[in-house]
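Peer 1: File start-v2.cif below, mmCIF, C-alpha atoms and all ligand atoms:
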data_start
#
loop_
_atom_site.label_atom_id
_atom_site.label_comp_id
_atom_site.auth_asym_id
_atom_site.auth_seq_id
_atom_site.Cartn_x
_atom_site.Cartn_y
_atom_site.Cartn_z
CA MET A 1 -3.94 28.69 71.41
CA ALA A 2 -3.02 25.06 70.60
CA LEU A 3 -6.41 23.80 71.89
CA SER A 4 -8.32 26.09 69.56
CA ASP A 5 -6.05 25.15 66.65
CA ALA A 6 -6.74 21.49 67.36
CA ALA A 7 -10.45 22.25 67.68
CA LYS A 8 -10.52 23.86 64.24
CA LEU A 9 -8.97 20.74 62.72
CA LEU A 10 -11.46 18.45 64.46
CA GLN A 11 -14.47 20.59 63.59
CA LYS A 12 -13.96 20.08 59.86
CA ALA A 13 -12.75 16.46 60.07
CA ARG A 14 -14.57 13.72 58.12
CA HIS A 15 -12.60 10.74 59.48
CA VAL A 16 -10.72 10.92 62.80
CA VAL A 17 -8.30 8.24 63.99
CA VAL A 18 -7.39 8.12 67.69
CA PHE A 19 -4.10 6.22 68.27
CA THR A 20 -3.32 5.49 71.92
CA GLY A 21 -0.53 4.11 74.07
CA ALA A 22 0.06 3.37 77.73
CA GLY A 23 -0.10 7.05 78.67
CA ILE A 24 -3.88 7.22 78.26
CA SER A 25 -4.29 4.59 81.00
CA ALA A 26 -1.68 6.13 83.32
CA GLU A 27 -4.21 8.33 85.14
CA SER A 28 -6.35 5.25 85.79
CA GLY A 29 -3.39 3.79 87.70
CA VAL A 30 -2.08 1.39 85.03
CA ALA A 31 1.74 1.54 84.82
CA THR A 32 3.20 2.58 81.46
CA PHE A 33 6.03 0.65 79.79
CA ARG A 34 8.40 3.44 80.78
CA ASP A 35 7.60 2.91 84.46
CA ALA A 36 9.96 0.49 86.21
CA LEU A 37 8.39 -2.86 87.07
CA THR A 38 7.57 -3.54 90.74
CA GLY A 39 7.53 -6.48 93.14
CA LEU A 40 8.53 -9.90 91.83
CA TRP A 41 9.24 -8.40 88.40
CA SER A 42 11.30 -5.41 89.56
CA ARG A 43 14.54 -7.01 88.38
CA PHE A 44 13.20 -7.34 84.83
CA ASP A 45 12.26 -4.81 82.16
CA ALA A 46 8.92 -5.16 80.42
CA GLN A 47 10.54 -5.58 77.01
CA SER A 48 12.45 -8.69 78.11
CA LEU A 49 9.49 -10.22 79.95
CA ALA A 50 7.06 -9.65 77.08
CA THR A 51 8.79 -12.22 74.86
CA PRO A 52 8.18 -15.84 73.83
CA GLN A 53 11.67 -16.65 75.16
CA ALA A 54 10.82 -15.43 78.68
CA PHE A 55 7.62 -17.49 78.64
CA ALA A 56 9.52 -20.58 77.47
CA GLU A 57 12.19 -20.13 80.14
CA ASP A 58 9.87 -19.31 83.07
CA PRO A 59 6.16 -19.67 82.20
CA ASP A 60 5.03 -19.26 85.83
CA LEU A 61 6.85 -15.93 86.15
CA VAL A 62 5.45 -14.53 82.90
CA TRP A 63 1.92 -15.90 83.39
CA GLY A 64 2.01 -14.53 86.96
CA TRP A 65 2.96 -11.11 85.56
CA TYR A 66 0.03 -11.05 83.12
CA GLU A 67 -2.40 -12.32 85.74
CA TRP A 68 -1.19 -9.50 88.06
CA ARG A 69 -1.65 -6.93 85.28
CA ARG A 70 -5.11 -8.33 84.45
CA GLN A 71 -6.21 -8.06 88.07
CA GLN A 72 -4.82 -4.51 88.27
CA VAL A 73 -6.82 -3.49 85.18
CA GLN A 74 -9.95 -5.09 86.61
CA GLN A 75 -9.53 -3.00 89.77
CA VAL A 76 -9.19 0.39 88.01
CA ARG A 77 -11.62 2.45 85.92
CA PRO A 78 -11.49 4.30 82.62
CA ASN A 79 -10.55 7.98 83.10
CA HIS A 80 -11.77 11.16 81.43
CA GLY A 81 -9.32 10.59 78.61
CA HIS A 82 -10.94 7.26 77.67
CA LEU A 83 -14.39 8.83 78.06
CA ALA A 84 -13.57 11.76 75.78
CA VAL A 85 -12.34 9.34 73.11
CA ALA A 86 -15.60 7.37 73.37
CA ARG A 87 -17.65 10.58 73.23
CA LEU A 88 -15.93 11.66 69.98
CA LYS A 89 -18.13 9.25 68.06
CA ASP A 90 -21.12 11.50 68.75
CA HIS A 91 -19.41 14.42 67.01
CA VAL A 92 -17.40 13.17 64.03
CA PRO A 93 -18.76 11.44 60.87
CA GLN A 94 -16.23 8.58 61.15
CA LEU A 95 -14.07 7.56 64.16
CA THR A 96 -11.47 4.80 64.32
CA VAL A 97 -9.83 3.99 67.66
CA ILE A 98 -6.49 2.14 67.43
CA THR A 99 -4.63 1.16 70.61
CA GLN A 100 -1.36 -0.47 71.58
CA ASN A 101 -2.83 -1.11 75.04
CA VAL A 102 -3.81 -4.60 76.16
CA ASP A 103 -6.27 -3.29 78.79
CA ASP A 104 -10.03 -2.98 78.17
CA LEU A 105 -10.44 0.61 79.38
CA HIS A 106 -11.45 1.98 75.96
CA GLU A 107 -14.26 -0.58 75.76
CA ARG A 108 -15.37 0.10 79.35
CA ALA A 109 -15.49 3.84 78.54
CA GLY A 110 -17.87 3.15 75.63
CA SER A 111 -15.61 2.83 72.58
CA ASP A 112 -17.33 0.06 70.62
CA THR A 113 -14.60 -1.65 68.63
CA PRO A 114 -11.12 -0.32 69.32
CA THR A 115 -8.44 -2.05 67.21
CA HIS A 116 -5.96 -3.74 69.56
CA LEU A 117 -2.67 -3.88 67.65
CA HIS A 118 -0.91 -5.71 70.49
CA GLY A 119 -3.69 -7.99 71.67
CA SER A 120 -5.53 -8.09 74.97
CA LEU A 121 -5.16 -9.30 78.57
CA PHE A 122 -8.63 -10.86 78.21
CA ALA A 123 -8.07 -13.29 75.32
CA PRO A 124 -5.82 -16.14 76.51
CA ARG A 125 -5.08 -18.97 74.07
CA CYS A 126 -3.14 -22.20 73.93
CA ALA A 127 0.56 -21.63 73.17
CA ALA A 128 0.62 -24.96 71.27
CA CYS A 129 -2.63 -25.22 69.26
CA SER A 130 -3.68 -21.53 69.49
CA ARG A 131 -7.21 -22.44 70.48
CA PRO A 132 -8.85 -19.78 72.69
CA ALA A 133 -8.81 -20.69 76.40
CA PRO A 134 -11.18 -19.52 79.14
CA LEU A 135 -10.05 -16.69 81.45
CA PRO A 136 -9.09 -18.23 84.78
CA ALA A 137 -11.52 -17.36 87.56
CA THR A 138 -9.71 -14.91 89.80
CA THR A 139 -9.90 -17.14 92.88
CA GLU A 140 -7.50 -15.39 95.20
CA GLU A 141 -6.13 -11.86 95.28
CA GLN A 142 -2.57 -11.65 93.95
CA PRO A 143 -0.15 -10.30 96.61
CA ALA A 144 0.72 -6.65 95.85
CA GLY A 145 4.16 -7.66 94.66
CA GLY A 146 2.74 -10.43 92.50
CA ARG A 147 3.62 -14.11 92.47
CA ARG A 148 4.47 -16.90 90.10
CA VAL A 149 1.37 -18.61 88.70
CA PRO A 150 1.58 -21.80 86.64
CA PRO A 151 -0.30 -21.21 83.34
CA PRO A 152 -3.48 -23.26 82.94
CA ARG A 153 -3.48 -26.21 80.53
CA CYS A 154 -5.30 -26.28 77.18
CA ALA A 155 -8.48 -28.39 77.28
CA HIS A 156 -7.72 -29.76 73.80
CA CYS A 157 -4.00 -30.51 73.70
CA ALA A 158 -2.89 -29.93 77.32
CA GLY A 159 -0.42 -27.31 76.06
CA PRO A 160 0.31 -24.27 78.27
CA VAL A 161 -2.12 -21.35 77.95
CA ARG A 162 -0.48 -18.00 77.15
CA PRO A 163 -1.79 -14.40 77.30
CA GLY A 164 -3.44 -13.20 74.06
CA VAL A 165 -0.94 -10.37 73.64
CA VAL A 166 1.69 -9.73 70.94
CA TRP A 167 5.15 -10.31 72.36
CA PHE A 168 8.31 -8.62 71.06
CA GLY A 169 9.51 -10.53 68.01
CA GLU A 170 5.99 -11.69 67.19
CA ALA A 171 3.88 -10.52 64.26
CA LEU A 172 0.88 -8.27 64.90
CA PRO A 173 -2.61 -9.67 64.18
CA GLU A 174 -2.93 -9.28 60.41
CA GLN A 175 -6.49 -7.94 60.29
CA ALA A 176 -5.84 -5.42 63.06
CA LEU A 177 -2.72 -4.12 61.34
CA GLU A 178 -4.42 -3.96 57.93
CA SER A 179 -7.42 -2.05 59.25
CA ALA A 180 -5.10 0.33 61.15
CA VAL A 181 -3.06 1.00 57.99
CA ARG A 182 -6.25 1.55 55.98
CA ALA A 183 -7.65 4.00 58.54
CA ALA A 184 -4.37 5.91 58.95
CA SER A 185 -3.97 6.36 55.20
CA SER A 186 -7.56 7.60 54.71
CA CYS A 187 -8.20 9.78 57.78
CA ASP A 188 -7.90 13.55 57.76
CA VAL A 189 -7.05 13.97 61.45
CA LEU A 190 -5.03 11.56 63.62
CA LEU A 191 -4.96 12.15 67.39
CA THR A 192 -1.95 10.38 68.96
CA VAL A 193 -2.35 10.11 72.74
CA GLY A 194 0.04 8.84 75.41
CA THR A 195 2.53 7.00 73.25
CA SER A 196 6.32 7.27 73.08
CA GLY A 197 6.14 6.16 69.43
CA LEU A 198 9.10 3.78 69.81
CA VAL A 199 7.57 0.35 69.18
CA TYR A 200 7.19 -0.82 65.57
CA PRO A 201 5.33 -1.41 63.38
CA ALA A 202 2.67 0.37 65.53
CA ALA A 203 4.73 3.59 65.61
CA GLU A 204 4.43 3.73 61.83
CA ILE A 205 0.68 4.49 62.09
CA PRO A 206 0.92 8.23 62.95
CA ARG A 207 3.73 8.60 60.42
CA LEU A 208 1.64 6.97 57.71
CA ALA A 209 -1.25 9.33 58.47
CA ALA A 210 1.06 12.36 58.22
CA ARG A 211 2.52 11.08 54.92
CA SER A 212 -1.05 10.62 53.63
CA GLY A 213 -1.80 14.31 54.28
CA ALA A 214 -3.66 14.02 57.58
CA ALA A 215 -3.23 16.59 60.35
CA VAL A 216 -1.64 15.05 63.47
CA ILE A 217 -2.57 16.23 66.96
CA GLN A 218 -0.30 14.88 69.75
CA VAL A 219 -1.33 14.72 73.43
CA ASN A 220 1.65 13.86 75.67
CA PRO A 221 3.24 15.61 78.66
CA GLN A 222 6.70 14.66 77.34
CA PRO A 223 8.41 15.26 73.99
CA THR A 224 8.44 12.22 71.69
CA PRO A 225 9.93 11.34 68.27
CA LEU A 226 6.45 12.23 66.89
CA ASP A 227 6.86 15.94 67.78
CA PRO A 228 8.26 16.91 64.33
CA LEU A 229 5.21 15.56 62.49
CA ALA A 230 2.60 16.97 64.88
CA THR A 231 0.49 19.73 63.30
CA VAL A 232 -0.60 20.65 66.83
CA ASN A 233 1.17 19.52 69.99
CA LEU A 234 -0.81 19.49 73.27
CA PRO A 235 1.80 18.94 76.01
CA GLY A 236 -0.12 17.60 79.03
CA PRO A 237 -2.07 14.71 80.59
CA ALA A 238 -4.74 12.98 78.48
CA ALA A 239 -7.47 12.91 81.15
CA GLU A 240 -7.23 16.71 81.33
CA LEU A 241 -6.55 17.72 77.74
CA LEU A 242 -8.93 15.39 75.88
CA PRO A 243 -12.08 16.59 77.71
CA ALA A 244 -10.84 20.18 77.25
CA LEU A 245 -10.36 19.55 73.54
CA LEU A 246 -13.85 18.06 73.29
CA THR A 247 -15.57 21.01 75.00
CA THR A 248 -13.44 23.54 73.08
CA THR A 249 -14.42 21.88 69.78
CA TRP A 250 -18.06 21.18 70.64
CA PRO A 251 -19.11 23.36 73.60
CA GLY A 252 -21.51 21.40 75.80
CA PRO A 253 -22.00 19.74 79.19
CA PRO A 254 -18.80 18.48 80.83
CA LEU A 255 -18.10 14.74 80.68
CA SER A 256 -19.87 12.76 83.41
CA THR A 257 -17.54 11.14 85.95
CA PRO A 258 -16.21 7.71 84.81
C1 LIG B 301 7.84 -7.59 65.28
C2 LIG B 301 1.97 -6.21 74.24
C3 LIG B 301 8.59 -9.10 63.61
C4 LIG B 301 2.63 -7.01 75.31
C5 LIG B 301 3.72 -4.85 73.17
C6 LIG B 301 11.91 -1.29 63.59
C7 LIG B 301 12.83 -0.53 64.23
C8 LIG B 301 13.29 -0.95 65.51
C9 LIG B 301 12.81 -2.10 66.13
C10 LIG B 301 11.89 -2.84 65.48
C11 LIG B 301 11.46 -2.45 64.21
N1 LIG B 301 10.56 -3.36 63.81
C12 LIG B 301 10.41 -4.31 64.79
C13 LIG B 301 11.22 -4.02 65.81
C14 LIG B 301 11.33 -4.79 67.03
C15 LIG B 301 10.24 -4.43 68.07
C16 LIG B 301 10.36 -2.98 68.46
O1 LIG B 301 9.65 -2.12 68.00
N2 LIG B 301 11.28 -2.73 69.40
C17 LIG B 301 11.44 -1.35 69.91
C18 LIG B 301 11.38 -1.38 71.40
C19 LIG B 301 12.71 -0.77 69.46
N3 LIG B 301 8.91 -4.70 67.54
C20 LIG B 301 8.42 -5.96 67.68
O2 LIG B 301 9.03 -6.87 68.21
C21 LIG B 301 7.03 -6.21 67.10
N4 LIG B 301 7.04 -7.44 66.36
O3 LIG B 301 8.53 -6.72 64.83
O4 LIG B 301 7.76 -8.85 64.76
C22 LIG B 301 7.88 -10.11 62.87
C23 LIG B 301 7.23 -9.75 61.73
C24 LIG B 301 6.59 -10.71 60.99
C25 LIG B 301 6.64 -12.04 61.40
C26 LIG B 301 7.25 -12.38 62.60
C27 LIG B 301 7.86 -11.40 63.36
C28 LIG B 301 6.00 -6.42 68.22
C29 LIG B 301 5.90 -5.25 69.10
C30 LIG B 301 4.74 -5.42 70.11
C31 LIG B 301 5.23 -5.85 71.48
N5 LIG B 301 4.13 -5.88 72.44
N6 LIG B 301 2.66 -4.94 74.03
C32 LIG B 301 2.44 -6.43 76.69
O5 LIG B 301 1.78 -5.40 76.84
O6 LIG B 301 2.95 -7.05 77.64
S1 LIG B 301 4.53 -3.33 72.96
C33 LIG B 301 4.09 -2.39 74.36
O7 LIG B 301 5.12 -1.45 74.49
C34 LIG B 301 2.83 -1.59 74.26
O8 LIG B 301 1.80 -2.27 73.63
C35 LIG B 301 3.30 -0.36 73.48
O9 LIG B 301 3.29 -0.60 72.11
C36 LIG B 301 4.74 -0.22 73.91
C37 LIG B 301 4.87 0.84 74.95
O10 LIG B 301 4.77 2.05 74.28
P1 LIG B 301 3.70 3.14 74.73
O11 LIG B 301 2.35 2.56 74.77
O12 LIG B 301 3.96 4.31 73.91
O13 LIG B 301 4.07 3.41 76.26
P2 LIG B 301 5.41 3.98 76.88
O14 LIG B 301 5.41 3.52 78.28
O15 LIG B 301 6.57 3.69 76.02
O16 LIG B 301 5.19 5.57 76.85
C38 LIG B 301 4.13 6.13 77.53
C39 LIG B 301 3.98 7.53 76.97
O17 LIG B 301 2.86 8.12 77.61
C40 LIG B 301 5.19 8.43 77.24
O18 LIG B 301 5.51 9.14 76.07
C41 LIG B 301 4.68 9.36 78.34
O19 LIG B 301 5.26 10.64 78.24
C42 LIG B 301 3.20 9.40 78.05
N7 LIG B 301 2.34 9.69 79.21
C43 LIG B 301 2.56 9.39 80.51
N8 LIG B 301 1.51 9.82 81.27
C44 LIG B 301 0.61 10.39 80.42
C45 LIG B 301 1.13 10.29 79.10
N9 LIG B 301 0.48 10.76 78.03
C46 LIG B 301 -0.74 11.37 78.25
N10 LIG B 301 -1.30 11.47 79.49
C47 LIG B 301 -0.66 11.02 80.58
N11 LIG B 301 -1.22 11.14 81.78
ZN ZN B 302 -3.95 -26.49 72.81
#
Written as structure tokens, how would this file's structure read?
Ligand code: BV8
Ligand code: ZN
Peer 2:
Amino acid sequence: MALSDAAKLLQKARHVVVFTGAGISAESGVATFRDALTGLWSRFDAQSLATPQAFAEDPDLVWGWYEWRRQQVQQVRPNHGHLAVARLKDHVPQLTVITQNVDDLHERAGSDTPTHLHGSLFAPRCAACSRPAPLPATTEEQPAGGRRVPPPRCAHCAGPVRPGVVWFGEALPEQALESAVRAASSCDVLLTVGTSGLVYPAAEIPRLAARSGAAVIQVNPQPTPLDPLATVNLPGPAAELLPALLTTTWPGPPLSTP
């Protein structure tokens, strides 16, 4: 029932926004923020490590953590959830993909220009002069449990290079946030996938869409604070439900394997 209700909404949509969180990459093998950290970082929680303070106190620990996450993302592949999102562009007049994820799985699945509200693992910059820095060549495999890695030095000012992500307490990239707010307030359907909706201001995006009259479709195996504003709730895994939603809305050949 819910799938066909969601399909009806998508069929008549002019502008669809897809808003994703860590859950859409879970079935590719990328840990979500809810999952406990492992190895060297197991005694920390992600929210305390993903801060400018943690980087100032122990840059090798934090840089090591991001290098470990970058290597993990490079070793996994987009799943059917990412593919279905990319395929949506063939069916709807206007599609905007907005993600909180710092991985590049949307791009690798074929989504041209997803808006990264919280930055990317692939855009390091100098922590002092903010100039972009090259991605370090992955010389040696990180041990499974990870290790401390001293951050590279900036070629211009010799400052420490930091990951190009938004840490807690830091402002979101202005353009990304502005374009996300614009899309959310003008879309007629917003699909929120794999997010707990707890981190702000990103979590405001689905709420803004609902306040602007858009229908909200939620895909998540667990209940979230977004449940009350969901027009249709699809309780289940993204890599299963998104392809099913696509073929229910636009019957056709199944998605090819990622
Ligand atoms: C700021 C990059 C100020 C780094 C990240 C208002 C109220 C309360 C608090 C605040 C507020 N405003 C600001 C705050 C503080 C803070 C905040 O929101 N704290 C929260 C925790 C209470 N916000 C900030 O600090 C922001 N900055 O406010 O700056 C400022 C302003 C101007 C000038 C100067 C300063 C910055 C926040 C961004 C932090 N960076 N990421 C990195 O990745 O290392 S946030 C990071 O965590 C992710 O990007 C994401 O946003 C969040 C994790 O959430 P989700 O993606 O939803 O993932 P989660 O693991 O939580 O849940 C996974 C979900 O998937 C679950 O629901 C699960 O059921 C589901 N799932 C699992 N498997 C599947 C699935 N779904 C589908 N299929 C499956 N198979
Ligand atoms: Zn510099």
Peer 1: Which of these residues is nearest to Ala6 of chain A, using all atoms listed in the file: A:Leu246, A:Glu204, A:Gly81, A:Gln94?
Peer 2: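 Closest to Ala6 of chain A of all the choices is A:Leu246.
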Peer 1: Please tabulate, as a tab-separated table, the residues of chain A that come within 6 Å of ligand LIG 301 (chain B), each with its closest pair of atoms and the distance in Å to one decimal, counting all atoms listed in the file and ordering rows by chain, then residue number upward.
Peer 2:
residue	atom	partner	partner_atom	distance
A:Gly21	CA	B:LIG301	O11	3.3
A:Ala22	CA	B:LIG301	O11	3.8
A:Gly23	CA	B:LIG301	O17	3.3
A:Ile24	CA	B:LIG301	N10	5.1
A:Ala26	CA	B:LIG301	N11	5.3
A:Glu27	CA	B:LIG301	N11	5.3
A:Thr32	CA	B:LIG301	O14	4.0
A:Phe33	CA	B:LIG301	O14	3.3
A:Arg34	CA	B:LIG301	O14	3.9
A:Ala50	CA	B:LIG301	O6	4.9
A:Gln100	CA	B:LIG301	O8	4.2
A:Asn101	CA	B:LIG301	O8	5.0
A:Val102	CA	B:LIG301	O5	5.7
A:His118	CA	B:LIG301	C2	4.8
A:Val165	CA	B:LIG301	C2	5.1
A:Val166	CA	B:LIG301	N5	4.8
A:Trp167	CA	B:LIG301	N5	4.5
A:Phe168	CA	B:LIG301	O2	3.4
A:Gly169	CA	B:LIG301	O2	3.7
A:Glu170	CA	B:LIG301	O4	4.1
A:Ala171	CA	B:LIG301	C27	4.2
A:Val193	CA	B:LIG301	C46	5.9
A:Gly194	CA	B:LIG301	N9	3.3
A:Thr195	CA	B:LIG301	O12	3.1
A:Ser196	CA	B:LIG301	O18	3.6
A:Gly197	CA	B:LIG301	O12	5.3
A:Leu198	CA	B:LIG301	C17	5.6
A:Val199	CA	B:LIG301	O1	3.4
A:Tyr200	CA	B:LIG301	O1	3.7
A:Pro201	CA	B:LIG301	N1	5.6
A:Val219	CA	B:LIG301	C46	5.9
A:Asn220	CA	B:LIG301	N9	4.1
A:Pro221	CA	B:LIG301	O19	5.4
A:Gln222	CA	B:LIG301	O19	4.4
A:Pro237	CA	B:LIG301	N10	3.5
A:Ala238	CA	B:LIG301	N10	3.9
Peer 1: Could you give me, as a list in words, every polymer residue with an atom at most 8 Å away from an atom of ligand ZN 302 (chain B), counting all atoms listed in the file?
Peer 2: Arg125, Cys126, Ala127, Ala128, Cys129, Ser130, Arg131, Arg153, Cys154, Ala155, His156, Cys157, Ala158, Gly159, Pro160 and Val161 of chain A
Peer 1: Using all atoms listed in the file, which protein or nucleic acid residues come within 8 Å of Ala84 of chain A? Drop anything in the same chain fewer than 3 positions from it, and give the result as an MDAnalysis selection string.
Peer 2: chainID A and resid 80:81 87:88 242:243 246 255
Peer 1: Have a look at A:Gly119, A:Gly110, A:Pro78, A:Gly64 and name the one nearest to Pro173 of chain A; count only C-alpha atoms.
Peer 2: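 Smallest separation from Pro173 of chain A among the options: A:Gly119.
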Peer 1: Could you tell me which of A:Gly146, A:Leu229, A:Pro151, A:Arg162 comes closest to Thr51 of chain A if we count only C-alpha atoms?
Peer 2: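 Checking each candidate against Thr51 of chain A, we get A:Arg162 as the closest.
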Peer 1: Between atom CA of Tyr66 of chain A and atom CA of Pro163 of chain A, what is the distance in Å, rounded to a tenth?
Peer 2: 7.0 Å
Peer 1: Atom CA of Leu245 of chain A and atom CA of Leu3 of chain A, how far apart in Å?
Peer 2: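 Taking atom CA of Leu3 of chain A as the start and atom CA of Leu245 of chain A as the end point, the length is 6.0 Å.
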Peer 1: Mind listing as a PyMOL selection string all residues within 7 Å of (-3.2, 12.0, 63.4), counting all atoms listed in the file?
Peer 2: chain A and resi 17+189-192+206+209-210+214-217
Peer 1: Between A:Leu172, A:Ser120, A:Leu40, A:Ser179, which residue has the minimum interatomic distance to Ala202 of chain A, considering all atoms listed in the file?
Peer 2: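 Smallest distance to Ala202 of chain A is found for A:Leu172.
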Peer 1: Which of these, A:Gln11, A:Pro225, A:Thr115, A:Gly145, has the shortest distance to Glu174 of chain A once you count all atoms listed in the file?
Peer 2: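 Residue with the minimum atom-to-atom distance to Glu174 of chain A: A:Thr115.
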Peer 1: Please, what distance in Å, to one decimal, runs between atom CA of Asp103 of chain A and atom CA of Ala244 of chain A?
Peer 2: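 For atom CA of Asp103 of chain A relative to atom CA of Ala244 of chain A, the distance reads 24.0 Å.
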Peer 1: Which one of A:Thr247, A:Gln53, A:Ser4, A:Ser25 sits closest to Asn79 of chain A if you count only C-alpha atoms?
Peer 2: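 Between A:Thr247, A:Gln53, A:Ser4, A:Ser25, the residue approaching Asn79 of chain A most closely is A:Ser25.
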Peer 1: Could you list, as a ChimeraX atom specification, every residue within 9 Å of Gly29 of chain A, counting all atoms listed in the file and ignoring same-chain residues fewer than 4 positions away?
Peer 2: /A:25,72-73,76-77
Peer 1: Would you mind exporting the chosen residues as a short mmCIF file (atom, residue, chain, number, x, y, z; two decimals), in the frame of the given file, restricted to C-alpha atoms?
Peer 2:
data_model
loop_
_atom_site.label_atom_id
_atom_site.label_comp_id
_atom_site.auth_asym_id
_atom_site.auth_seq_id
_atom_site.Cartn_x
_atom_site.Cartn_y
_atom_site.Cartn_z
CA SER A 25 -4.29 4.59 81.00
CA GLN A 72 -4.82 -4.51 88.27
CA VAL A 73 -6.82 -3.49 85.18
CA VAL A 76 -9.19 0.39 88.01
CA ARG A 77 -11.62 2.45 85.92
#
Peer 1: Excluding same-chain residues fewer than 2 positions from Thr96 of chain A, what lies within 8 Å of it counting all atoms listed in the file, as a list in words?
Peer 2: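 Selected residues are His15, Val16, Val17, Val18, Gln94, Ile98, Pro114 and Ala183 of chain A.
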Peer 1: Deliver the residues from the most recent selection as a file, using C-alpha atoms, as a PDB file, in the coordinates of the input.
Peer 2:
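Below is the file that was written, part-v1.pdb:
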ATOM      1  CA  HIS A  15     -12.600  10.740  59.480  1.00  0.00           C
ATOM      2  CA  VAL A  16     -10.720  10.920  62.800  1.00  0.00           C
ATOM      3  CA  VAL A  17      -8.300   8.240  63.990  1.00  0.00           C
ATOM      4  CA  VAL A  18      -7.390   8.120  67.690  1.00  0.00           C
ATOM      5  CA  GLN A  94     -16.230   8.580  61.150  1.00  0.00           C
ATOM      6  CA  ILE A  98      -6.490   2.140  67.430  1.00  0.00           C
ATOM      7  CA  PRO A 114     -11.120  -0.320  69.320  1.00  0.00           C
ATOM      8  CA  ALA A 183      -7.650   4.000  58.540  1.00  0.00           C
TER       9      ALA A 183
END
